Amino acid sequence: MHTVIHWFRRDLRLTDNTALHAASQGGARVIPVFILSKWTTSHAWTGANRQSFLCDCLRSLDANLRAIGARLILREGDAVEELCRLAKETAATEIFFNRDPDPWGRSVEERLTKAAAQEGLHCRAFKDVAIHERQEVLTGAGEPFRVFTPYSRAWAKLSKPPVLPAVKTLPAIPETASLELPDLSRWNLPPAGGGLLPGGEKAARERLKDFVARRSLHYADTRDLPSVPGTSRLSQDLRFGLLSPREVHRKCLDAADQADATGRGSLMKFIAEIVWREFYMQILWNFPSVLELEFNPKFRGMTWPGDLRGLDAWAHGETGFPIVDAAMRELRETGFMHNRCRMITAMFLTKDLHLDWRLGERHFMQFLMDGEIASNNGGWQWSAGTGADAAPYFRIQNPWSQTLRYDPDAAYIKKWIPALRDVPAKRLCEPPAPGTRLARDYPPPIVDHAASRDLTLALFKSAGSR
Ligand SMILES: Cc1cc2nc3c(=O)[nH]c(=O)nc-3n(C[C@H](O)[C@H](O)[C@H](O)COP(=O)(O)OP(=O)(O)OC[C@H]3O[C@@H](n4cnc5c(N)ncnc54)[C@H](O)[C@@H]3O)c2cc1C
């Protein structure tokens, strides 16, 4: 029996896992491995919430592998060195993995392919993270799309890959060194929030089942209301590959077949969000400079003159704008923030506090369980007005009127800000009179929205006319 390696990355599941399925088909002994990267907290793009969720997912993956005869080998360090070393130790001849869409993942794949070839090893890379990836969805002229609607039309026309069955059995693996499964104490991080969702394939599949059965038919009506559990809560599951996007898409199409016109409309709206995920992945693949630069060249090099003390108030939920503060506190505590609130808080940082979107992008990456480079960058540049198919810079959300529209009874605000529990909801939809506070233990607004808006318009106009 020959031996191959399956390198788990952001595909921490046994069902519909393209590379794992292929590795298990050839009668080989499969060594399943995950490699923890070494990073320091001083310039980290992750934090306790996401690392804690990852630990949960690795524990669950190991248990699932043991149930089918194998176990998870865990190593730490440079993936290329560790994989080549493991191949030598186990006499493996091939390394299977699913491709990663971000530039770091991509560069590791390139290094691995070269190093493996020198060792006489064969690498087999698969499409898995997206239904359509990289350069599969192109304009008639063969160019990547920069605008969502035509991209999504072209995406919908392509035939979809099948959903593969779960790997049901793997041959036992030989004695192979492995680290202990990690917990958060492995990293020098502050504690994670108390409200994280459980990780692992089983928990993710239950979330999918619950969404499709109970909430998907009303998604279009409830998806914008942060106090209502109206969205799927699958983002961290797609981020870590606890579910495949193919399975999520397939289950929604099946449910749409059974639904009435309203339900079908809701499910199609939901599928459009899955397509946004892939739109931003292909933006990052085709235009990797978005990680440093504004996608819209008109706004490259524009100044963000805000006071950095505002960043601290924003990050800790102490701006005096209740909807912003509730959302920033939810993020810390749960590693999640509702999409409507991501837009409100991102616009607030850039257009009320005039701070660089890159500061917010990084803060979100440190606290989000679903922190996904492509979607996060896409969402930040959309909100800042600098991105692909972004909100025009002059469309500036007013946090007070957003509250009236999306949290009119202040249920969301009151959940996260105890100091405001006794304040009538109506008062939380408009700024307090100058020099006053909404409640004794709650700060006054740190900026005046109308004045901030005028400065934002001036900044963008001057950047655009250079
Ligand atoms: C500033 C900002 C930052 C964001 N950062 C991230 C991030 O790091 N990771 C992330 O997964 N999403 C990010 N999003 C997109 C979106 O907010 C989340 O995907 C969504 O809130 C997750 O909740 P859900 O799974 O219940 O979403 P649902 O409404 O149920 O959507 C289903 C799935 O579609 C995808 N999706 C939904 N909206 C978007 C979108 N606007 N862009 C890309 N994919 C989308 C997600 O995979 C999501 O799980 C960001 C949005 C903004 C405005």
# chains A, B, ... in the order shown; residues from 1 in each chain; ligands from 1

$ residues_around --residues "A:Asp454" --least-positions-apart "6" --cutoff "12 Å" --atoms "only C-alpha atoms" --output "CSV table (one decimal) with N, CA and C atoms, in the first residue's frame"
chain,number,residue,atom,x,y,z
A,351,LYS,N,-15.9,57.4,7.7
A,351,LYS,CA,-16.6,58.7,7.3
A,351,LYS,C,-17.1,59.6,8.4
A,352,ASP,N,-17.1,59.0,9.6
A,352,ASP,CA,-17.4,59.9,10.8
A,352,ASP,C,-16.1,60.2,11.5
A,353,LEU,N,-15.2,59.2,11.6
A,353,LEU,CA,-13.9,59.4,12.3
A,353,LEU,C,-12.8,59.7,11.4
A,354,HIS,N,-13.0,59.6,10.1
A,354,HIS,CA,-12.0,59.9,9.1
A,354,HIS,C,-10.7,59.1,9.3
A,393,TYR,N,-19.0,57.1,-2.6
A,393,TYR,CA,-18.4,57.7,-1.4
A,393,TYR,C,-19.4,58.7,-0.8
A,394,PHE,N,-20.3,59.3,-1.6
A,394,PHE,CA,-21.2,60.3,-1.1
A,394,PHE,C,-22.4,59.7,-0.4
A,395,ARG,N,-22.6,58.3,-0.5
A,395,ARG,CA,-23.7,57.7,0.2
A,395,ARG,C,-23.1,57.3,1.6
A,396,ILE,N,-23.4,58.2,2.5
A,396,ILE,CA,-22.9,58.0,3.9
A,396,ILE,C,-24.0,57.7,4.8
A,448,ASP,N,-19.8,65.0,15.7
A,448,ASP,CA,-21.1,65.4,15.2
A,448,ASP,C,-21.3,64.9,13.8
A,460,PHE,N,-13.1,63.3,-0.1
A,460,PHE,CA,-13.2,62.5,-1.3
A,460,PHE,C,-13.1,63.3,-2.6
A,461,LYS,N,-13.8,64.5,-2.5
A,461,LYS,CA,-13.8,65.4,-3.7
A,461,LYS,C,-12.3,65.8,-4.0

$ residues_near_ligand --ligand "ligand 1" --cutoff "7 Å" --atoms "only C-alpha atoms and all ligand atoms" --output "ChimeraX atom specification"
/A:223,231-236,238-239,270,273-274,276-277,280,337-339,342-343,346,364-365,368,370-373,375-380,383

$ closest_residue --among "A:Ala390, A:Lys426, A:Leu404, A:Arg309" --to "A:Ile446" --atoms "only C-alpha atoms"
A:Arg309

$ atom_distance --atom1 "atom CA of A:Phe8" --atom2 "atom CA of A:Leu72"
9.3 Å

$ atom_distance --atom1 "atom CA of A:Ser227" --atom2 "atom CA of A:Tyr406"
8.6 Å

$ residues_around --residues "stretch 355-360 of chain A" --least-positions-apart "5" --cutoff "8 Å" --atoms "only C-alpha atoms" --output "ChimeraX atom specification"
/A:304-308,311,346,349-350,380-381,384

$ closest_atom_pairs --of "stretch 234-322 of chain A" --to "stretch 103-118 of chain A" --cutoff "9 Å" --atoms "only C-alpha atoms" --output "tab-separated table"
residue	atom	partner	partner_atom	distance
A:Leu284	CA	A:Pro103	CA	7.9
A:Trp285	CA	A:Pro103	CA	7.3
A:Pro288	CA	A:Pro103	CA	6.9

$ residues_around --residues "A:Lys415" --least-positions-apart "4" --cutoff "9 Å" --atoms "only C-alpha atoms" --output "PyMOL selection string"
chain A and resi 227+326+410-411+421

$ residues_around --residues "A:Gly263" --least-positions-apart "4" --cutoff "8 Å" --atoms "only C-alpha atoms" --output "PyMOL selection string"
chain A and resi 216-218+256+259+267

$ write_last_selection --atoms "all heavy atoms" --output "PDB file, in the first residue's frame"
ATOM      1  N   SER A 216     -34.584  30.240   6.342  1.00  0.00           N
ATOM      2  CA  SER A 216     -34.200  30.629   4.986  1.00  0.00           C
ATOM      3  C   SER A 216     -35.363  31.240   4.195  1.00  0.00           C
ATOM      4  O   SER A 216     -35.150  32.129   3.374  1.00  0.00           O
ATOM      5  CB  SER A 216     -33.643  29.416   4.234  1.00  0.00           C
ATOM      6  OG  SER A 216     -34.641  28.430   4.087  1.00  0.00           O
ATOM      7  N   LEU A 217     -36.595  30.809   4.488  1.00  0.00           N
ATOM      8  CA  LEU A 217     -37.733  31.282   3.689  1.00  0.00           C
ATOM      9  C   LEU A 217     -38.079  32.743   3.990  1.00  0.00           C
ATOM     10  O   LEU A 217     -38.799  33.385   3.234  1.00  0.00           O
ATOM     11  CB  LEU A 217     -38.958  30.386   3.921  1.00  0.00           C
ATOM     12  CG  LEU A 217     -38.756  28.906   3.575  1.00  0.00           C
ATOM     13  CD1 LEU A 217     -40.002  28.094   3.838  1.00  0.00           C
ATOM     14  CD2 LEU A 217     -38.325  28.737   2.109  1.00  0.00           C
ATOM     15  N   HIS A 218     -37.572  33.266   5.119  1.00  0.00           N
ATOM     16  CA  HIS A 218     -37.857  34.664   5.486  1.00  0.00           C
ATOM     17  C   HIS A 218     -36.592  35.517   5.419  1.00  0.00           C
ATOM     18  O   HIS A 218     -36.587  36.654   5.867  1.00  0.00           O
ATOM     19  CB  HIS A 218     -38.428  34.728   6.915  1.00  0.00           C
ATOM     20  CG  HIS A 218     -39.526  33.754   7.130  1.00  0.00           C
ATOM     21  ND1 HIS A 218     -40.767  33.909   6.555  1.00  0.00           N
ATOM     22  CD2 HIS A 218     -39.563  32.583   7.802  1.00  0.00           C
ATOM     23  CE1 HIS A 218     -41.527  32.877   6.879  1.00  0.00           C
ATOM     24  NE2 HIS A 218     -40.806  32.053   7.625  1.00  0.00           N
ATOM     25  N   ALA A 256     -35.400  25.623  -2.372  1.00  0.00           N
ATOM     26  CA  ALA A 256     -36.110  26.563  -3.256  1.00  0.00           C
ATOM     27  C   ALA A 256     -37.105  25.823  -4.146  1.00  0.00           C
ATOM     28  O   ALA A 256     -38.193  26.327  -4.435  1.00  0.00           O
ATOM     29  CB  ALA A 256     -35.105  27.351  -4.099  1.00  0.00           C
ATOM     30  N   ALA A 259     -40.257  25.476  -2.262  1.00  0.00           N
ATOM     31  CA  ALA A 259     -40.811  26.673  -1.610  1.00  0.00           C
ATOM     32  C   ALA A 259     -41.810  27.404  -2.508  1.00  0.00           C
ATOM     33  O   ALA A 259     -41.827  27.204  -3.725  1.00  0.00           O
ATOM     34  CB  ALA A 259     -39.659  27.611  -1.239  1.00  0.00           C
ATOM     35  N   LEU A 267     -34.485  32.468  -0.741  1.00  0.00           N
ATOM     36  CA  LEU A 267     -33.347  31.549  -0.927  1.00  0.00           C
ATOM     37  C   LEU A 267     -32.414  32.054  -2.026  1.00  0.00           C
ATOM     38  O   LEU A 267     -31.186  31.918  -1.930  1.00  0.00           O
ATOM     39  CB  LEU A 267     -33.860  30.140  -1.225  1.00  0.00           C
ATOM     40  CG  LEU A 267     -34.293  29.421   0.059  1.00  0.00           C
ATOM     41  CD1 LEU A 267     -35.404  28.424  -0.188  1.00  0.00           C
ATOM     42  CD2 LEU A 267     -33.097  28.732   0.719  1.00  0.00           C
TER      43      LEU A 267
END
